[in-house]
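data_34.txt, holding compact mmCIF, C-alpha atoms:
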# COMPACT_ATOMS: atom_id res chain seq x y z
CA ILE A 1 -34.74 6.78 -40.72
CA LEU A 2 -35.25 3.16 -41.71
CA ASN A 3 -32.03 1.15 -41.78
CA GLY A 4 -32.95 -2.51 -42.06
CA SER A 5 -30.17 -4.79 -43.26
CA ARG A 6 -28.85 -2.42 -45.95
CA GLY A 7 -28.32 0.57 -43.69
CA ASP A 8 -25.20 -0.74 -42.00
CA VAL A 9 -24.82 2.09 -39.54
CA PRO A 10 -22.59 2.06 -36.45
CA LEU A 11 -23.85 2.46 -32.92
CA THR A 12 -24.64 6.00 -31.87
CA SER A 13 -22.92 7.41 -28.78
CA PHE A 14 -26.04 6.47 -26.80
CA GLY A 15 -25.94 2.98 -28.34
CA ARG A 16 -22.34 2.57 -27.17
CA VAL A 17 -23.40 3.55 -23.64
CA GLN A 18 -26.21 0.96 -23.78
CA ALA A 19 -23.91 -1.77 -25.13
CA LYS A 20 -21.24 -1.08 -22.48
CA LYS A 21 -23.89 -1.19 -19.76
CA LEU A 22 -25.27 -4.49 -21.05
CA ALA A 23 -21.81 -6.08 -21.05
CA LYS A 24 -20.96 -4.68 -17.62
CA GLU A 25 -24.17 -6.00 -16.07
CA TRP A 26 -24.12 -9.40 -17.83
CA LYS A 27 -23.21 -12.05 -15.24
CA ILE A 28 -23.35 -15.41 -17.01
CA ARG A 29 -20.34 -16.34 -19.13
CA PRO A 30 -21.43 -17.50 -22.58
CA GLU A 31 -19.73 -20.43 -24.25
CA VAL A 32 -20.34 -19.00 -27.72
CA ILE A 33 -20.83 -15.42 -28.90
CA LEU A 34 -22.62 -15.04 -32.22
CA SER A 35 -23.36 -11.82 -34.04
CA SER A 36 -24.98 -10.46 -37.11
CA PRO A 37 -22.22 -9.15 -39.40
CA MET A 38 -23.85 -5.70 -39.31
CA ARG A 39 -21.75 -2.98 -37.64
CA ARG A 40 -24.10 -2.10 -34.79
CA ALA A 41 -24.48 -5.76 -33.76
CA LYS A 42 -20.74 -6.41 -34.14
CA GLN A 43 -19.92 -3.41 -31.97
CA THR A 44 -22.39 -4.50 -29.28
CA ALA A 45 -21.06 -8.08 -29.35
CA GLY A 46 -17.53 -6.67 -29.11
CA TYR A 47 -18.16 -5.32 -25.62
CA MET A 48 -19.30 -8.75 -24.47
CA ALA A 49 -16.41 -10.51 -26.20
CA ARG A 50 -13.86 -8.20 -24.55
CA LYS A 51 -15.44 -8.71 -21.14
CA PHE A 52 -15.12 -12.48 -21.37
CA GLY A 53 -11.96 -12.64 -23.53
CA MET A 54 -13.76 -14.49 -26.31
CA GLU A 55 -13.97 -14.46 -30.08
CA ILE A 56 -17.15 -13.59 -32.00
CA GLU A 57 -18.58 -15.86 -34.67
CA TYR A 58 -20.56 -14.07 -37.39
CA LEU A 59 -23.75 -15.55 -38.78
CA ASP A 60 -25.20 -13.84 -41.85
CA LEU A 61 -28.67 -15.22 -41.08
CA LEU A 62 -28.84 -12.88 -38.03
CA LYS A 63 -29.04 -9.73 -40.20
CA GLU A 64 -31.97 -7.37 -39.78
CA HIS A 65 -35.10 -7.38 -41.95
CA ASP A 66 -34.31 -6.05 -45.45
CA LEU A 67 -36.26 -2.86 -46.07
CA GLY A 68 -35.24 -2.74 -49.73
CA ASP A 69 -35.90 0.55 -51.51
CA TRP A 70 -37.05 2.12 -48.24
CA THR A 71 -33.57 1.88 -46.71
CA GLY A 72 -32.43 5.32 -45.58
CA CYS A 73 -35.91 6.84 -45.95
CA SER A 74 -37.91 8.70 -43.34
CA ALA A 75 -40.38 6.39 -41.59
CA VAL A 76 -42.61 9.38 -40.85
CA ARG A 77 -42.84 10.29 -44.55
CA LEU A 78 -43.40 6.71 -45.68
CA LYS A 79 -46.15 6.17 -43.11
CA LYS A 80 -48.00 9.13 -44.61
CA GLU A 81 -47.39 8.12 -48.25
CA PHE A 82 -48.00 4.36 -47.88
CA PRO A 83 -50.35 3.84 -44.92
CA SER A 84 -51.43 0.36 -46.07
CA TYR A 85 -47.90 -0.93 -45.44
CA PHE A 86 -48.14 -0.14 -41.74
CA PHE A 87 -50.23 -1.24 -38.79
CA ASP A 88 -50.96 0.42 -35.49
CA TYR A 89 -49.53 -0.81 -32.22
CA GLU A 90 -51.85 -0.51 -29.24
CA ASP A 91 -50.11 2.73 -28.18
CA GLY A 92 -50.72 4.30 -31.61
CA ALA A 93 -47.15 3.88 -32.92
CA LYS A 94 -46.81 2.42 -36.41
CA SER A 95 -44.91 -0.69 -37.47
CA HIS A 96 -42.90 -0.95 -40.66
CA PHE A 97 -42.76 -4.64 -41.50
CA LEU A 98 -46.27 -5.79 -42.31
CA LYS A 99 -45.93 -5.94 -46.11
CA LYS A 100 -43.00 -6.54 -48.41
CA VAL A 101 -41.63 -3.19 -49.51
CA PRO A 102 -40.18 -2.75 -53.01
CA GLY A 103 -36.90 -4.64 -53.28
CA GLY A 104 -37.04 -5.90 -49.69
CA GLU A 105 -37.99 -8.93 -47.63
CA SER A 106 -41.51 -9.83 -46.66
CA TRP A 107 -42.31 -10.59 -43.02
CA GLU A 108 -42.51 -14.27 -44.01
CA ASP A 109 -39.05 -14.04 -45.63
CA THR A 110 -37.60 -12.70 -42.38
CA ARG A 111 -39.49 -15.26 -40.32
CA GLY A 112 -38.16 -18.04 -42.58
CA ARG A 113 -34.60 -16.76 -42.20
CA ALA A 114 -35.05 -16.62 -38.41
CA LYS A 115 -36.24 -20.23 -38.46
CA LEU A 116 -33.10 -21.23 -40.38
CA ALA A 117 -30.89 -19.31 -37.93
CA LEU A 118 -32.49 -20.96 -34.90
CA ALA A 119 -32.09 -24.40 -36.49
CA GLU A 120 -28.43 -23.69 -37.30
CA ILE A 121 -27.73 -22.52 -33.75
CA LYS A 122 -29.48 -25.55 -32.29
CA ARG A 123 -27.63 -27.93 -34.64
CA LYS A 124 -24.18 -26.49 -33.96
CA TYR A 125 -24.46 -25.48 -30.32
CA THR A 126 -26.91 -27.80 -28.55
CA GLY A 127 -26.11 -27.87 -24.84
CA LYS A 128 -24.01 -24.69 -25.00
CA ARG A 129 -24.80 -21.28 -23.58
CA VAL A 130 -24.98 -19.05 -26.65
CA ILE A 131 -25.46 -15.31 -26.76
CA ALA A 132 -26.42 -13.98 -30.18
CA PHE A 133 -26.46 -10.31 -31.18
CA ALA A 134 -29.10 -9.58 -33.79
CA HIS A 135 -31.74 -6.94 -34.49
CA GLY A 136 -35.26 -6.02 -33.42
CA ILE A 137 -37.49 -7.20 -36.26
CA PHE A 138 -35.35 -10.30 -36.73
CA THR A 139 -35.68 -11.10 -33.01
CA ILE A 140 -39.47 -10.66 -33.21
CA ALA A 141 -39.37 -13.23 -36.03
CA CYS A 142 -37.44 -15.59 -33.71
CA ILE A 143 -40.11 -15.09 -31.03
CA ALA A 144 -42.77 -15.96 -33.61
CA ASN A 145 -40.95 -19.18 -34.47
CA VAL A 146 -40.10 -20.31 -30.95
CA ALA A 147 -43.31 -19.33 -29.17
CA GLY A 148 -45.70 -19.77 -32.08
CA ILE A 149 -47.16 -16.32 -31.50
CA LYS A 150 -48.84 -14.90 -34.58
CA PRO A 151 -50.05 -11.49 -35.65
CA PRO A 152 -51.85 -9.52 -34.40
CA LYS A 153 -50.77 -10.63 -30.90
CA LEU A 154 -47.14 -10.81 -32.06
CA TRP A 155 -47.15 -7.09 -32.84
CA GLY A 156 -47.38 -6.40 -29.10
CA TYR A 157 -43.75 -7.46 -28.77
CA ARG A 158 -41.51 -4.46 -29.23
CA LEU A 159 -37.87 -4.55 -28.29
CA LYS A 160 -35.73 -1.65 -27.20
CA ASN A 161 -32.08 -1.40 -28.19
CA CYS A 162 -29.89 -3.71 -26.08
CA GLU A 163 -32.91 -5.55 -24.75
CA TYR A 164 -32.50 -9.29 -24.70
CA VAL A 165 -34.73 -12.32 -25.08
CA LYS A 166 -33.87 -15.75 -23.68
CA PHE A 167 -34.64 -18.77 -25.85
CA VAL A 168 -34.26 -22.38 -24.79
CA LEU A 169 -33.82 -24.45 -27.94
Taking this structure as input, can you express it in the form of structure tokens?
Amino acid sequence: ILNGSRGDVPLTSFGRVQAKKLAKEWKIRPEVILSSPMRRAKQTAGYMARKFGMEIEYLDLLKEHDLGDWTGCSAVRLKKEFPSYFFDYEDGAKSHFLKKVPGGESWEDTRGRAKLALAEIKRKYTGKRVIAFAHGIFTIACIANVAGIKPPKLWGYRLKNCEYVKFVL
């Protein structure tokens, strides 16, 4: 089921296990904890905030890619009905953010928002150790901005839940 930024679902029980494990294993104390205002990111950030006794700052720009009218729909069904919207990863899996879906964001919209978020974080927190809790497609957009990696090579980057990426801004 596609959630994007409109499907504000909580962490699953497995997601809570992953988030607790991430916080437990995290060794370096952040100076700032940022989070998307979406429930699953807030819950994940909450484990880290409790561990270090810190507050969370919410940044709307960190929300996931907006999947518009496809929010809540079956990815399997949509991939059959609208194959031109998807591309193949090297392992045969299909993406869901190549084209702008009805009522949603385009990849370039998300990439632009990621660029704004990175600039905001750099402006406000230069020299500070920041941990930001966001979402997969949004984080891929950050990678595109920071590393300058473009499709199709960019599509090789796939993030698992609770996986992290380190950026030096």
**Prompt:** Leaving out A:Ser35 and any residue of its chain fewer than 4 positions from it, which residues lie within 10 Å of it when counting all atoms listed in the file, given as a list in words?
**Reply:** Arg39, Arg40, Ala41, Lys42, Gln43, Thr44, Ala45, Gly46, Ile56, Glu57, Tyr58, Leu59, Asp60, Leu61, Leu62, Lys63, Ile131, Ala132, Phe133, Ala134 and His135 of chain A
**Prompt:** How far is it from atom CA of A:Pro83 to atom CA of A:Lys99, in Å with one decimal?
**Reply:**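 If I compute the distance from atom CA of A:Pro83 to atom CA of A:Lys99, I get 10.8 Å.
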Can you tell me, as a PDB file with C-alpha atoms, in the coordinates of the input, what residues are no more than 8 Å from A:Asn161 when counting all atoms listed in the file, ignoring any on the same chain fewer than 3 positions away?
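So the final result, stored in result04.pdb, reads:
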ATOM      1  CA  GLY A  15     -25.940   2.980 -28.340  1.00  0.00           C
ATOM      2  CA  GLN A  18     -26.210   0.960 -23.780  1.00  0.00           C
ATOM      3  CA  GLY A 136     -35.260  -6.020 -33.420  1.00  0.00           C
TER       4      GLY A 136
END
**Message:** Counting all atoms listed in the file, which residues have an atom no more than 12 Å from (-41.8, -23.4, -31.9) in the file's coordinates? Please list them as JSON, numbers by chain.
**Reply:** {"A": [111, 114, 115, 118, 119, 141, 142, 143, 144, 145, 146, 147, 148, 149, 150, 167, 168, 169]}
Hey, can you spit out that residue selection with C-alpha atoms as an mmCIF file, in the coordinates of the input?
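What follows is the written file again_1.cif:
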data_model
loop_
_atom_site.group_PDB
_atom_site.id
_atom_site.type_symbol
_atom_site.label_atom_id
_atom_site.label_comp_id
_atom_site.auth_asym_id
_atom_site.auth_seq_id
_atom_site.Cartn_x
_atom_site.Cartn_y
_atom_site.Cartn_z
ATOM 1 C CA ARG A 111 -39.490 -15.260 -40.320
ATOM 2 C CA ALA A 114 -35.050 -16.620 -38.410
ATOM 3 C CA LYS A 115 -36.240 -20.230 -38.460
ATOM 4 C CA LEU A 118 -32.490 -20.960 -34.900
ATOM 5 C CA ALA A 119 -32.090 -24.400 -36.490
ATOM 6 C CA ALA A 141 -39.370 -13.230 -36.030
ATOM 7 C CA CYS A 142 -37.440 -15.590 -33.710
ATOM 8 C CA ILE A 143 -40.110 -15.090 -31.030
ATOM 9 C CA ALA A 144 -42.770 -15.960 -33.610
ATOM 10 C CA ASN A 145 -40.950 -19.180 -34.470
ATOM 11 C CA VAL A 146 -40.100 -20.310 -30.950
ATOM 12 C CA ALA A 147 -43.310 -19.330 -29.170
ATOM 13 C CA GLY A 148 -45.700 -19.770 -32.080
ATOM 14 C CA ILE A 149 -47.160 -16.320 -31.500
ATOM 15 C CA LYS A 150 -48.840 -14.900 -34.580
ATOM 16 C CA PHE A 167 -34.640 -18.770 -25.850
ATOM 17 C CA VAL A 168 -34.260 -22.380 -24.790
ATOM 18 C CA LEU A 169 -33.820 -24.450 -27.940
#
**Message:** Could you tell me how far atom CA of A:Ala23 sits from atom CA of A:Tyr47, in Å to one decimal place?
**Reply:** 5.9 Å
Return as lines of an AutoDock Vina configuration file the centre and edge lengths, in Å with one decimal, of the box along x, y and z that encloses every atom of stretch 20-28 of chain A in the file, padded by 8 Å per side.
center_x = -23.1
center_y = -8.2
center_z = -18.9
size_x = 20.3
size_y = 30.3
size_z = 23.2
**Prompt:** In terms of the shortest atom-to-atom distance over all atoms listed in the file, which of A:Ile140, A:Val165, A:Leu116, A:Leu67 is closest to A:Lys100?
**Reply:**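 Closest residue, counting all atoms listed in the file: A:Leu67.
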**Fill in**
In terms of only C-alpha atoms, the residue from A:Pro37, A:Pro151, A:Gly127, A:Pro30 at minimal distance from A:Asp8 is A:Pro37
**Asked** atom CA of A:Tyr125 and atom CA of A:Trp26 are how many Å apart?
**Response**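 Going from atom CA of A:Tyr125 over to atom CA of A:Trp26, I get 20.4 Å.
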**Prompt:** Which residues come within 9 Å of stretch 69-79 of chain A, counting all atoms listed in the file, excluding same-chain residues fewer than 4 positions away, as a ChimeraX atom specification?
**Reply:** /A:1-7,83-86,94-96,101-104
**Fill in**
Using only C-alpha atoms, the shortest atom-to-atom distance to A:His65 among A:Ala19, A:Val32, A:Leu154, A:Ile137 belongs to A:Ile137
